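Contents: one structure, followed by commentary.
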Amino acid sequence: MVCYLVGYLVTGGTGGTGGTWLFVYDYVHMFRLKLGLEIHAQLNAGRKLFSPSIPSPHALPNTRVSFFDAALPGTQPILDWNCVHLGMRAALALNARVQPRFAFDRKHYFYPDQPSGYQITQKHFPLARNGVLPLLKRDGVQNALDVRIEQIQLEQDTGRTSYLDDLTLVDLNRANTGLIELVTKPDMRSAAEAVAFVKKLRLILKSAGVCTGEMEQGALRVDVNVSVMDDAGRDLSSRCEIKNLFGFAAIKHSIMAEFQRQCDLLARNEVVERDTRGWDGKNTYKLRSKEEAADYRYFPDPDLPDYVVPNKVIESVRNQMMPMPDTLLDKLTSKPFSLSNADAYTLVELDSGLHSRKPIEESSSSDSSLTAFCVTAVQEFLQRGGSEKNAKLIGKWLVNIWLGIRESAPQNTNQFVDLFLAVDSNEITTTTAKMLLKLLANGYQGSIADAVKEYDLDTSAHSVSELSAVCKQVLDENPSIVARIKSGKRNAIMVLVGLVLKETQGTFDPKLVREEIDRTIQ
Amino acid sequence: MDQKSPEDMSRLVKCISRINKTNKSINAVISHYDFDTLLKQHNPNANENDLIFLLKDNMCTKDLPTTCASKALSGFVSPYDCTIVERIRANNGLILGKTNMDEFAMGTDNAYTTYGPVKNPLFADEYRTPGGSSGGAAASVAAGYCDIALGTDTGGSTRLPSSFCSVFGFKPSYGRISRYGVVSFAQSLDTVGIVANSMDNIEKSFKILDAHDPKDPTCLTNEMRENFAKSAPNRKLRIGLIHEAILDYEPEVRKKWEECLETLIEAGHEVVEVSVPTLKMSVPAYIAISFSEATSNLARYDGVRYGYRAVEDMDPVYRTLYGPTRNEGLGDEVQRRLLIGTFNLTEGAYDEHFLKAQKVRRMLINDFNKVLRKPNMLFPRTNGPNTENVEGIDVFVNPTSLGIAHVMGKKREEESVLEVLGDVLTIPCNLAGLPAITVPVGKSIGMEVYGQHGDDMTVLGIAREIDEIFKYKNKISESV
């Protein structure tokens, strides 16, 4: 179809708030954004993909280099199965099919950080195919959508080059570190969706112990394919690939800038060439065009056999897997845990950091995770007669009070649950309980009962006469508020309740305080 | 050195004195340990039976250079020893030094080498080819420099020179000997080969080297090895005469072949003519596969981390990095092959060249599987159950080369790539991974025996019988 372009204007929301960008181009049709992603995630396997070197982003240059990593003559690749298992975990976490057979290909190009002159990757028989990552509203998109993942392949990372005056310096520490490359279908329609995808993917890969997700360290690198279509889904431009985006802001802004650029070209009736582009923080710029693209001369690596994956291997990897973020979020936000989305996300996010740093051998033990603690504490609380109403305090306070002080889950579950049981039986007020929780977080070792006694916090220990004395005093000090209440402004009573609670340091139940004030005024 | 009569000299002294005496003209050995030190450390009374080795210069050694006879690796010393060096030393083998070869094992005359060509020691008066690429290895054994010279065999590189130099040259089944530390030419075909002056030494050294190595991903596992026979069968064999291998042999070579088969029939074996139709297509398939793998394997010689580097490493016209380094470091023949290999792998040519060649390779394996008695453990039969077929062929026997070592002249050296067409008799074994050995049956004539993958023992058994028939050993090596 030939489009007659008469100008365009923005009609949609901004990419940042989850809206779809729309440019009207002829009063009938509109320019729409079409996005696909290519993501490289470094495998946190403890070994390189084809050698026993131990990679580290912090090691001195060229100190983590085996003979194979340096492509010495006569060396051969030996596949590290930890890397394969992590790749399988990623595949299973992304609902992809681990292939019954996989193999490696060589991709050729000359560059100093690629010592053998080729990268070992998977073109013809990748580890996994046909995944899908659902984006839900809570992930930050306007409408839920499924992003399809074409394939997940294992490949080698390159070394690093840096430049000093006219010298090119090569550090091979990173060379041959295992990566998974993951390619999505062009299913995203806004920068917000792309960002939500990367955020969610990052959380999943961290939770599965696949990758540290540290974007600044280059552990997760994103390329975006941007093209423009009309609202009937017809492509109007060739897709351009923006390479090496290292953060969410870069992903968002480069997409918006590239979309703008392509729309400008289309509006002027010009052709959008199929380029590979870079991002300078403000604009995308051309790195090379399709015509200049290298012929990588892929062919099967003759040193490496075809690998057959028995079903039982896939099953054993599946059995080792931690519950994935969506499962945890669903659980934590429903009864009896009833956390808010934000609080639940905080727990899952913090846990993912824990899993992502664990060596692969230990990654199935979940004892120290926060979500596991939260679930155990709530269950114990209910078993010991706690009410469902107060059960939801556990997660909420864990996130908002405990984690404000400590980074890891409480060690003493009993003590923790006792605290909430004390609230539940009205032994202490919630204000007191919050204070006590801070005490526990700061390392208080005694029992809750001891603390209540030690700090004189028991609601029943304070007589009603003590309360009525304080109430009377507060009422006397605030005649104008009393007058307003008497004139019918009933809500003003809360000011007095607050003052009484402050005076009694929260040792009385607010409901009780209110009743007492009511009584005193009358 | 002490003046002793030859009878009194230890075997090591004999080898060293022969190297000192004739290597200057034969040019087979290009680097070696300090002989005086070796002699001092050697106790002839205790170590007289230890095997004496020379290694092809594409086998990595910590204390001798490993150059692949290429300027690209001039002066390169590997920081590690290849697995075969470790196995030799663990079994009391003595390594003297490294042998000349065609650059990166690409050639059939051992004439493409920075160290200058190797001369065939069987022909004192004229420059005849020793064969390649392991020409230095075969010439060394023929000249009595060692008991065993290890070579590599990608398309016949051990067998052809062994045949030309009238020594034994064994290419075991693919994957039996570790390639770790052996510089790759085309690793789906590369096999470590053994050149020796007797069947005994072939078998002794094979026993030392035939083992799984976890460092080589293509090395056969212990589990697979359990399927292989430990010795030759004690029965009369069916010997295959491949119809497509009946070619235009030089009369003397053909005569030896006829003599060989007749004697084997007299001994009770049965000779059957069979067809392996894909044999005819094996050379082009070999070119497509081996050159493609080579272009990839040799991409690492960029001068950045080791080896030769041009002073100004930027092509002045095309502004490409590494151009001058690789242009100056790699020889003409290597460059020719790399260019063909590069082309084969380009997007437009891949299907028609590389993939088609792989299909031919598989067809060839199927052809062999159809007529052979033993099943193939790597590539099961497609025409029935992968079990023994008692009607099948045990081994094939045909000459290793159409003729004897030719006289080297200018013209011959420039024929380049086309020379490999002569390898039609050796290449199929590499494509199918079959064990193959050449047995000397005359001056510069070898008889080749080959059988099913993994059936090395049957092949060695019949090779021994052929050796019994001809008992041909050239004069020099007999005295080692």
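Residue numbers start at 1 in each chain; chains themselves are named A, B, ... in the order of the structure tokens; ligands are numbered from 1 in the order shown.
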**Request:** Kindly determine which residues of chain B lie within 7 Å of chain A, considering only C-alpha atoms, and give the answer as an NGL selection string.
**Result:** :B and (60 or 180-184 or 187-188 or 215-218 or 299-300 or 345-347)
Name all residues at most 9 Å from stretch 185-189 of chain A (count only C-alpha atoms; drop same-chain ones fewer than 2 positions away) and give them as a short mmCIF file (atom, residue, chain, number, x, y, z; two decimals) with N, CA, C and O atoms, in the first residue's frame.
data_model
loop_
_atom_site.label_atom_id
_atom_site.label_comp_id
_atom_site.auth_asym_id
_atom_site.auth_seq_id
_atom_site.Cartn_x
_atom_site.Cartn_y
_atom_site.Cartn_z
N THR A 20 0.36 4.04 24.49
CA THR A 20 0.89 3.72 23.19
C THR A 20 1.11 5.02 22.44
O THR A 20 0.26 5.90 22.48
N TRP A 21 2.22 5.12 21.77
CA TRP A 21 2.47 6.33 20.97
C TRP A 21 1.78 6.20 19.64
O TRP A 21 1.92 5.21 18.94
N ARG A 32 2.38 3.46 14.27
CA ARG A 32 2.47 2.73 15.53
C ARG A 32 3.87 2.14 15.68
O ARG A 32 4.51 1.77 14.70
N LEU A 33 4.24 2.03 16.91
CA LEU A 33 5.57 1.52 17.24
C LEU A 33 5.50 -0.01 17.32
O LEU A 33 4.55 -0.57 17.82
N LYS A 34 6.56 -0.65 16.80
CA LYS A 34 6.63 -2.12 16.87
C LYS A 34 8.02 -2.47 17.39
O LYS A 34 9.02 -2.04 16.82
N LEU A 35 8.07 -3.20 18.48
CA LEU A 35 9.35 -3.45 19.15
C LEU A 35 9.62 -4.92 19.37
O LEU A 35 8.74 -5.68 19.77
N GLY A 36 10.84 -5.29 19.12
CA GLY A 36 11.31 -6.62 19.51
C GLY A 36 12.61 -6.44 20.28
O GLY A 36 13.29 -5.42 20.11
N LEU A 37 12.95 -7.39 21.11
CA LEU A 37 14.16 -7.24 21.93
C LEU A 37 15.10 -8.42 21.72
O LEU A 37 14.68 -9.54 21.43
N LEU A 145 -0.34 -8.32 28.11
CA LEU A 145 -0.02 -8.91 26.81
C LEU A 145 1.00 -10.03 27.00
O LEU A 145 1.70 -10.08 28.01
N ASP A 146 1.05 -10.93 26.01
CA ASP A 146 2.06 -11.98 26.02
C ASP A 146 3.17 -11.59 25.05
O ASP A 146 2.89 -11.24 23.91
N VAL A 147 4.42 -11.65 25.51
CA VAL A 147 5.53 -11.43 24.59
C VAL A 147 6.11 -12.79 24.27
O VAL A 147 6.53 -13.53 25.17
N ARG A 148 6.14 -13.13 22.98
CA ARG A 148 6.65 -14.44 22.58
C ARG A 148 8.18 -14.40 22.46
O ARG A 148 8.74 -13.39 22.02
N ILE A 149 8.81 -15.47 22.85
CA ILE A 149 10.27 -15.55 22.77
C ILE A 149 10.61 -16.62 21.74
O ILE A 149 10.20 -17.77 21.86
N GLU A 150 11.33 -16.21 20.69
CA GLU A 150 11.61 -17.13 19.59
C GLU A 150 12.53 -18.25 20.02
O GLU A 150 12.24 -19.42 19.85
N VAL A 183 15.76 -13.93 22.05
CA VAL A 183 15.19 -13.06 21.02
C VAL A 183 13.68 -13.12 21.11
O VAL A 183 13.10 -14.20 21.09
N ALA A 191 7.39 1.91 24.50
CA ALA A 191 8.62 1.86 25.29
C ALA A 191 8.32 1.31 26.68
O ALA A 191 9.11 0.55 27.24
N ALA A 192 7.13 1.66 27.21
CA ALA A 192 6.78 1.16 28.55
C ALA A 192 6.69 -0.35 28.56
O ALA A 192 7.12 -1.00 29.52
N GLU A 193 6.16 -0.93 27.49
CA GLU A 193 6.07 -2.38 27.44
C GLU A 193 7.45 -3.01 27.35
O GLU A 193 7.73 -4.03 27.98
N ALA A 194 8.32 -2.38 26.57
CA ALA A 194 9.68 -2.91 26.45
C ALA A 194 10.39 -2.84 27.80
O ALA A 194 11.05 -3.80 28.22
N PHE A 197 9.01 -5.41 30.09
CA PHE A 197 9.52 -6.73 29.72
C PHE A 197 10.91 -6.96 30.31
O PHE A 197 11.18 -7.98 30.93
N ASN A 225 14.92 -3.75 18.66
CA ASN A 225 14.56 -3.62 17.25
C ASN A 225 13.33 -2.73 17.15
O ASN A 225 12.28 -3.06 17.69
N VAL A 226 13.51 -1.62 16.47
CA VAL A 226 12.43 -0.63 16.38
C VAL A 226 11.96 -0.54 14.93
O VAL A 226 12.77 -0.39 14.02
#
DSSP strand (DSSP E or B) residues within stretch 347-414 of chain B, as a short mmCIF file (atom, residue, chain, number, x, y, z; two decimals) with C-alpha atoms, in the first residue's frame:
data_model
loop_
_atom_site.label_atom_id
_atom_site.label_comp_id
_atom_site.auth_asym_id
_atom_site.auth_seq_id
_atom_site.Cartn_x
_atom_site.Cartn_y
_atom_site.Cartn_z
CA LEU B 372 30.95 -53.88 6.15
CA ILE B 393 33.37 -57.28 4.53
CA VAL B 395 38.60 -55.02 5.68
CA PHE B 396 39.41 -53.38 2.38
CA VAL B 397 42.82 -53.67 0.75
CA ASN B 398 44.17 -51.41 -1.96
CA PRO B 399 47.35 -49.48 -2.68
CA VAL B 407 60.37 -36.32 -8.73
#
**Request:** Write out as an MDAnalysis selection string which residues come within 12 Å of B:Val390 when counting only C-alpha atoms, dropping same-chain ones fewer than 4 positions away.
**Result:** chainID B and resid 237:238 370:375 394
Taking 2 positions as the minimum chain separation for residues in the same chain, which residues sit within 12 Å of A:Thr507 when counting only C-alpha atoms? Answer as a short mmCIF file (atom, residue, chain, number, x, y, z; two decimals) with all heavy atoms, in the first residue's frame.
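What ended up in around-v6.cif:
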data_model
loop_
_atom_site.label_atom_id
_atom_site.label_comp_id
_atom_site.auth_asym_id
_atom_site.auth_seq_id
_atom_site.Cartn_x
_atom_site.Cartn_y
_atom_site.Cartn_z
N VAL A 423 -0.45 -8.79 69.55
CA VAL A 423 -1.33 -7.77 68.99
C VAL A 423 -2.73 -8.34 68.86
O VAL A 423 -3.72 -7.71 69.21
CB VAL A 423 -0.83 -7.31 67.59
CG1 VAL A 423 -1.81 -6.32 66.98
CG2 VAL A 423 0.56 -6.72 67.69
N ASN A 426 -4.86 -8.39 71.78
CA ASN A 426 -4.99 -7.06 72.38
C ASN A 426 -4.11 -6.88 73.62
O ASN A 426 -4.34 -6.01 74.43
CB ASN A 426 -6.45 -6.78 72.77
CG ASN A 426 -7.27 -6.49 71.53
OD1 ASN A 426 -6.78 -5.83 70.61
ND2 ASN A 426 -8.48 -7.01 71.50
N GLU A 427 -3.11 -7.74 73.73
CA GLU A 427 -2.19 -7.63 74.85
C GLU A 427 -1.38 -6.34 74.71
O GLU A 427 -1.07 -5.67 75.69
CB GLU A 427 -1.26 -8.84 74.81
CG GLU A 427 -0.75 -9.28 76.16
CD GLU A 427 0.13 -10.52 75.98
OE1 GLU A 427 -0.34 -11.48 75.33
OE2 GLU A 427 1.28 -10.47 76.44
N ILE A 428 -1.00 -6.05 73.47
CA ILE A 428 -0.31 -4.78 73.20
C ILE A 428 -1.02 -4.09 72.06
O ILE A 428 -1.72 -4.73 71.27
CB ILE A 428 1.18 -5.00 72.84
CG1 ILE A 428 1.30 -6.02 71.68
CG2 ILE A 428 1.98 -5.45 74.05
CD1 ILE A 428 2.71 -6.18 71.17
N THR A 429 -0.83 -2.83 71.93
CA THR A 429 -1.44 -2.10 70.82
C THR A 429 -0.55 -2.21 69.60
O THR A 429 0.62 -2.60 69.69
CB THR A 429 -1.58 -0.61 71.16
OG1 THR A 429 -0.26 -0.08 71.32
CG2 THR A 429 -2.37 -0.41 72.44
N THR A 430 -1.09 -1.87 68.44
CA THR A 430 -0.28 -1.93 67.23
C THR A 430 0.88 -0.95 67.32
O THR A 430 1.96 -1.23 66.81
CB THR A 430 -1.14 -1.61 65.98
OG1 THR A 430 -1.85 -0.41 66.23
CG2 THR A 430 -2.09 -2.73 65.66
N THR A 431 0.68 0.17 67.92
CA THR A 431 1.77 1.13 68.05
C THR A 431 2.91 0.53 68.86
O THR A 431 4.08 0.62 68.50
CB THR A 431 1.26 2.40 68.75
OG1 THR A 431 0.01 2.76 68.19
CG2 THR A 431 2.25 3.54 68.60
N THR A 432 2.53 -0.10 69.95
CA THR A 432 3.54 -0.78 70.77
C THR A 432 4.24 -1.86 69.97
O THR A 432 5.46 -1.99 69.99
CB THR A 432 2.86 -1.42 71.99
OG1 THR A 432 2.13 -0.42 72.69
CG2 THR A 432 3.89 -2.05 72.91
N ALA A 433 3.41 -2.60 69.22
CA ALA A 433 3.97 -3.71 68.46
C ALA A 433 4.99 -3.23 67.43
O ALA A 433 6.05 -3.84 67.25
CB ALA A 433 2.86 -4.48 67.76
N LYS A 434 4.68 -2.12 66.80
CA LYS A 434 5.62 -1.57 65.82
C LYS A 434 6.94 -1.23 66.48
O LYS A 434 8.03 -1.49 65.95
CB LYS A 434 5.03 -0.32 65.15
CG LYS A 434 4.01 -0.63 64.09
CD LYS A 434 3.49 0.67 63.48
CE LYS A 434 2.38 0.39 62.48
NZ LYS A 434 1.78 1.63 62.00
N MET A 435 6.82 -0.64 67.65
CA MET A 435 8.03 -0.26 68.38
C MET A 435 8.83 -1.51 68.75
O MET A 435 10.05 -1.55 68.61
CB MET A 435 7.62 0.51 69.63
CG MET A 435 8.70 1.29 70.26
SD MET A 435 8.20 1.74 71.93
CE MET A 435 8.42 0.22 72.80
N LEU A 436 8.09 -2.53 69.21
CA LEU A 436 8.76 -3.77 69.60
C LEU A 436 9.45 -4.44 68.42
O LEU A 436 10.54 -5.00 68.54
CB LEU A 436 7.73 -4.75 70.19
CG LEU A 436 7.55 -4.70 71.69
CD1 LEU A 436 6.50 -5.72 72.11
CD2 LEU A 436 8.87 -4.97 72.41
N VAL A 452 7.43 -7.00 76.96
CA VAL A 452 6.23 -6.31 77.42
C VAL A 452 6.36 -5.95 78.90
O VAL A 452 6.06 -4.83 79.32
CB VAL A 452 4.98 -7.20 77.18
CG1 VAL A 452 3.76 -6.63 77.89
CG2 VAL A 452 4.71 -7.32 75.68
N TYR A 455 9.35 -3.29 79.50
CA TYR A 455 9.08 -1.90 79.13
C TYR A 455 7.68 -1.45 79.54
O TYR A 455 7.23 -0.40 79.11
CB TYR A 455 9.30 -1.71 77.62
CG TYR A 455 10.73 -1.99 77.21
CD1 TYR A 455 11.11 -3.21 76.66
CD2 TYR A 455 11.72 -1.01 77.43
CE1 TYR A 455 12.41 -3.46 76.30
CE2 TYR A 455 13.03 -1.27 77.08
CZ TYR A 455 13.37 -2.48 76.52
OH TYR A 455 14.67 -2.72 76.17
N ASP A 456 7.00 -2.29 80.30
CA ASP A 456 5.69 -1.92 80.82
C ASP A 456 4.73 -1.54 79.70
O ASP A 456 4.20 -0.43 79.67
CB ASP A 456 5.88 -0.73 81.80
CG ASP A 456 4.62 -0.49 82.62
OD1 ASP A 456 3.78 -1.43 82.70
OD2 ASP A 456 4.48 0.62 83.14
N LEU A 457 4.51 -2.47 78.79
CA LEU A 457 3.76 -2.14 77.58
C LEU A 457 2.36 -2.78 77.54
O LEU A 457 1.59 -2.51 76.65
CB LEU A 457 4.54 -2.60 76.35
CG LEU A 457 5.93 -1.97 76.22
CD1 LEU A 457 6.71 -2.72 75.15
CD2 LEU A 457 5.82 -0.49 75.89
N ASP A 458 2.09 -3.61 78.53
CA ASP A 458 0.84 -4.35 78.53
C ASP A 458 -0.35 -3.40 78.65
O ASP A 458 -0.39 -2.55 79.54
CB ASP A 458 0.87 -5.32 79.72
CG ASP A 458 -0.28 -6.29 79.66
OD1 ASP A 458 -1.21 -6.05 78.85
OD2 ASP A 458 -0.23 -7.27 80.39
N THR A 459 -1.32 -3.52 77.72
CA THR A 459 -2.50 -2.63 77.78
C THR A 459 -3.25 -2.80 79.10
O THR A 459 -3.69 -1.84 79.71
CB THR A 459 -3.48 -2.93 76.62
OG1 THR A 459 -3.62 -4.34 76.51
CG2 THR A 459 -2.99 -2.33 75.34
N SER A 460 -3.37 -4.07 79.57
CA SER A 460 -4.15 -4.33 80.78
C SER A 460 -3.44 -3.83 82.05
O SER A 460 -4.05 -3.67 83.09
CB SER A 460 -4.47 -5.81 80.89
OG SER A 460 -3.24 -6.53 80.96
N ALA A 461 -2.12 -3.62 81.94
CA ALA A 461 -1.37 -3.18 83.10
C ALA A 461 -1.68 -1.73 83.44
O ALA A 461 -1.42 -1.26 84.53
CB ALA A 461 0.12 -3.34 82.86
N HIS A 462 -2.24 -1.03 82.46
CA HIS A 462 -2.55 0.38 82.70
C HIS A 462 -4.03 0.52 83.02
O HIS A 462 -4.88 0.10 82.24
CB HIS A 462 -2.15 1.21 81.48
CG HIS A 462 -0.71 1.05 81.16
ND1 HIS A 462 0.24 1.85 81.73
CD2 HIS A 462 -0.06 0.17 80.39
CE1 HIS A 462 1.43 1.46 81.30
NE2 HIS A 462 1.27 0.43 80.48
N SER A 463 -4.34 1.09 84.16
CA SER A 463 -5.72 1.11 84.62
C SER A 463 -6.55 2.12 83.85
O SER A 463 -6.02 3.05 83.26
CB SER A 463 -5.75 1.49 86.11
OG SER A 463 -5.22 2.78 86.24
N VAL A 464 -7.82 1.85 83.83
CA VAL A 464 -8.75 2.76 83.17
C VAL A 464 -8.71 4.14 83.86
O VAL A 464 -8.84 5.17 83.22
CB VAL A 464 -10.18 2.17 83.18
CG1 VAL A 464 -11.17 3.14 82.53
CG2 VAL A 464 -10.20 0.82 82.48
N GLU A 466 -6.11 5.54 85.04
CA GLU A 466 -4.96 6.27 84.49
C GLU A 466 -5.34 6.92 83.16
O GLU A 466 -5.06 8.08 82.90
CB GLU A 466 -3.81 5.29 84.27
CG GLU A 466 -2.50 5.97 83.89
CD GLU A 466 -1.44 4.94 83.46
OE1 GLU A 466 -1.49 3.78 83.94
OE2 GLU A 466 -0.60 5.28 82.62
N LEU A 467 -6.07 6.14 82.34
CA LEU A 467 -6.48 6.65 81.04
C LEU A 467 -7.43 7.83 81.19
O LEU A 467 -7.28 8.86 80.54
CB LEU A 467 -7.16 5.53 80.24
CG LEU A 467 -7.72 5.91 78.87
CD1 LEU A 467 -6.62 6.43 77.96
CD2 LEU A 467 -8.44 4.73 78.22
N VAL A 500 -3.94 11.88 73.12
CA VAL A 500 -3.92 10.95 74.27
C VAL A 500 -2.91 9.82 74.02
O VAL A 500 -2.12 9.45 74.89
CB VAL A 500 -5.32 10.38 74.54
CG1 VAL A 500 -5.26 9.28 75.59
CG2 VAL A 500 -6.27 11.50 74.98
N LEU A 501 -2.95 9.27 72.79
CA LEU A 501 -2.02 8.18 72.46
C LEU A 501 -0.57 8.63 72.63
O LEU A 501 0.28 7.89 73.12
CB LEU A 501 -2.25 7.69 71.03
CG LEU A 501 -3.52 6.85 70.81
CD1 LEU A 501 -3.68 6.52 69.32
CD2 LEU A 501 -3.49 5.58 71.65
N LYS A 502 -0.34 9.86 72.20
CA LYS A 502 1.01 10.40 72.30
C LYS A 502 1.41 10.50 73.77
O LYS A 502 2.52 10.10 74.15
CB LYS A 502 1.04 11.78 71.63
CG LYS A 502 2.46 12.30 71.41
CD LYS A 502 2.43 13.67 70.73
CE LYS A 502 3.80 14.31 70.75
NZ LYS A 502 3.73 15.72 70.37
N GLU A 503 0.50 10.98 74.55
CA GLU A 503 0.76 11.17 75.98
C GLU A 503 1.02 9.84 76.67
O GLU A 503 1.88 9.73 77.55
CB GLU A 503 -0.46 11.86 76.61
CG GLU A 503 -0.20 12.57 77.93
CD GLU A 503 0.74 13.76 77.78
OE1 GLU A 503 0.76 14.38 76.69
OE2 GLU A 503 1.47 14.03 78.75
N THR A 504 0.28 8.77 76.23
CA THR A 504 0.43 7.46 76.89
C THR A 504 1.39 6.56 76.12
O THR A 504 1.51 5.37 76.39
CB THR A 504 -0.93 6.75 76.97
OG1 THR A 504 -1.49 6.68 75.65
CG2 THR A 504 -1.88 7.51 77.87
N GLN A 505 2.08 7.13 75.15
CA GLN A 505 3.07 6.40 74.36
C GLN A 505 2.53 5.12 73.75
O GLN A 505 3.21 4.10 73.68
CB GLN A 505 4.30 6.10 75.23
CG GLN A 505 4.93 7.40 75.74
CD GLN A 505 6.28 7.16 76.32
OE1 GLN A 505 6.51 6.13 76.92
NE2 GLN A 505 7.18 8.12 76.14
N ASP A 509 -5.18 0.96 73.55
CA ASP A 509 -5.85 0.70 72.27
C ASP A 509 -6.61 1.95 71.85
O ASP A 509 -7.39 2.50 72.64
CB ASP A 509 -6.83 -0.47 72.49
CG ASP A 509 -7.49 -0.89 71.19
OD1 ASP A 509 -7.38 -0.13 70.20
OD2 ASP A 509 -8.10 -1.97 71.18
N PRO A 510 -6.40 2.45 70.64
CA PRO A 510 -7.07 3.70 70.20
C PRO A 510 -8.58 3.64 70.33
O PRO A 510 -9.22 4.64 70.62
CB PRO A 510 -6.67 3.79 68.72
CG PRO A 510 -5.42 2.98 68.60
CD PRO A 510 -5.48 1.91 69.64
N LYS A 511 -9.15 2.44 70.11
CA LYS A 511 -10.59 2.31 70.22
C LYS A 511 -11.06 2.63 71.66
O LYS A 511 -12.02 3.36 71.88
CB LYS A 511 -10.99 0.87 69.87
CG LYS A 511 -12.23 0.78 69.00
CD LYS A 511 -12.40 -0.62 68.45
CE LYS A 511 -13.56 -1.33 69.15
NZ LYS A 511 -13.54 -2.79 68.92
N LEU A 512 -10.26 2.09 72.57
CA LEU A 512 -10.54 2.29 73.99
C LEU A 512 -10.43 3.78 74.34
O LEU A 512 -11.24 4.35 75.07
CB LEU A 512 -9.53 1.49 74.81
CG LEU A 512 -9.93 1.06 76.20
CD1 LEU A 512 -11.00 -0.02 76.11
CD2 LEU A 512 -8.71 0.55 76.95
N VAL A 513 -9.40 4.42 73.77
CA VAL A 513 -9.15 5.85 74.04
C VAL A 513 -10.34 6.67 73.56
O VAL A 513 -10.84 7.55 74.25
CB VAL A 513 -7.86 6.30 73.34
CG1 VAL A 513 -7.67 7.82 73.48
CG2 VAL A 513 -6.66 5.56 73.92
#
**Asked** Quick one: of A:Ser487, A:Ala422, A:Pro410, A:Ser356, who's nearest to A:Gly443, counting only C-alpha atoms?
**Response**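 Nearest candidate to A:Gly443 out of A:Ser487, A:Ala422, A:Pro410, A:Ser356: A:Pro410.
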Would you list the contacts of stretch 13-17 of chain B as a compact mmCIF listing (two decimals) with N, CA and C atoms, in the first residue's frame, taking every protein, DNA or RNA residue within 8 Å and counting only C-alpha atoms, but skipping same-chain residues closer than 2 positions in sequence?
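Result file part.txt:
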# COMPACT_ATOMS: atom_id res chain seq x y z
N PRO B 6 79.39 -49.90 15.52
CA PRO B 6 77.94 -49.74 15.47
C PRO B 6 77.20 -50.74 16.35
N MET B 9 76.80 -49.53 19.89
CA MET B 9 76.10 -48.27 20.17
C MET B 9 74.68 -48.54 20.66
N SER B 10 74.22 -47.75 21.61
CA SER B 10 72.84 -47.87 22.06
C SER B 10 71.94 -47.35 20.95
N ARG B 11 70.64 -47.73 21.00
CA ARG B 11 69.72 -47.30 19.95
C ARG B 11 69.61 -45.79 19.91
N ILE B 19 70.73 -38.58 12.74
CA ILE B 19 70.18 -37.22 12.55
C ILE B 19 71.33 -36.26 12.24
N ASN B 20 72.38 -36.36 13.07
CA ASN B 20 73.53 -35.47 12.86
C ASN B 20 74.13 -35.64 11.47
N LYS B 21 74.10 -36.88 10.99
CA LYS B 21 74.77 -37.18 9.74
C LYS B 21 73.94 -36.76 8.52
N PHE B 35 71.13 -32.83 22.31
CA PHE B 35 71.43 -34.25 22.25
C PHE B 35 72.39 -34.68 23.36
N LEU B 39 71.72 -37.70 25.97
CA LEU B 39 72.61 -38.87 26.09
C LEU B 39 73.09 -39.03 27.53
N GLY B 144 65.82 -43.66 9.86
CA GLY B 144 66.31 -44.26 11.09
C GLY B 144 66.57 -43.27 12.21
N TYR B 145 65.84 -42.17 12.25
CA TYR B 145 66.04 -41.17 13.30
C TYR B 145 65.32 -41.54 14.59
N CYS B 146 64.35 -42.45 14.51
CA CYS B 146 63.53 -42.74 15.69
C CYS B 146 62.79 -44.05 15.46
N VAL B 480 67.85 -49.94 12.64
CA VAL B 480 67.61 -49.18 13.88
C VAL B 480 67.45 -50.12 15.06
**Message:** When you count only C-alpha atoms, which of these residues is closest to B:Trp257: B:Gly451, B:Gly348, B:Pro440, B:Pro44?
**Reply:**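 Selected residue with least distance to B:Trp257: B:Pro440.
Here atom CA of B:Asp34 and atom CA of B:Lys204 stand 26.1 Å from one another.
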**Message:** Just checking: using only C-alpha atoms, which residue out of A:Ser369, A:Asn319, A:Gln151, A:Asn478 ends up closest to A:Glu407?
**Reply:**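 Among the listed residues, the smallest separation from A:Glu407 belongs to A:Ser369.
You can rank B:Ile95, B:Met377, B:Ile469, B:Ala139 by their closest distance to B:Glu223 using only C-alpha atoms, and at the top of that list sits B:Met377.
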**Shortest interatomic distance to B:Ala69 - which of B:Ala28, B:Leu54, B:Ile445, B:Ile194, counting only C-alpha atoms** =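 So, comparing all the options, the nearest one is B:Ala28.
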**Request:** Check the DSSP output for the backbone and give back, as a PyMOL selection string, the residues of stretch 168-381 of chain A in helix (DSSP H, G or I).
**Result:** chain A and resi 191-207+248-267+290-292+311-320+325-333+341-357+360-362+370-381
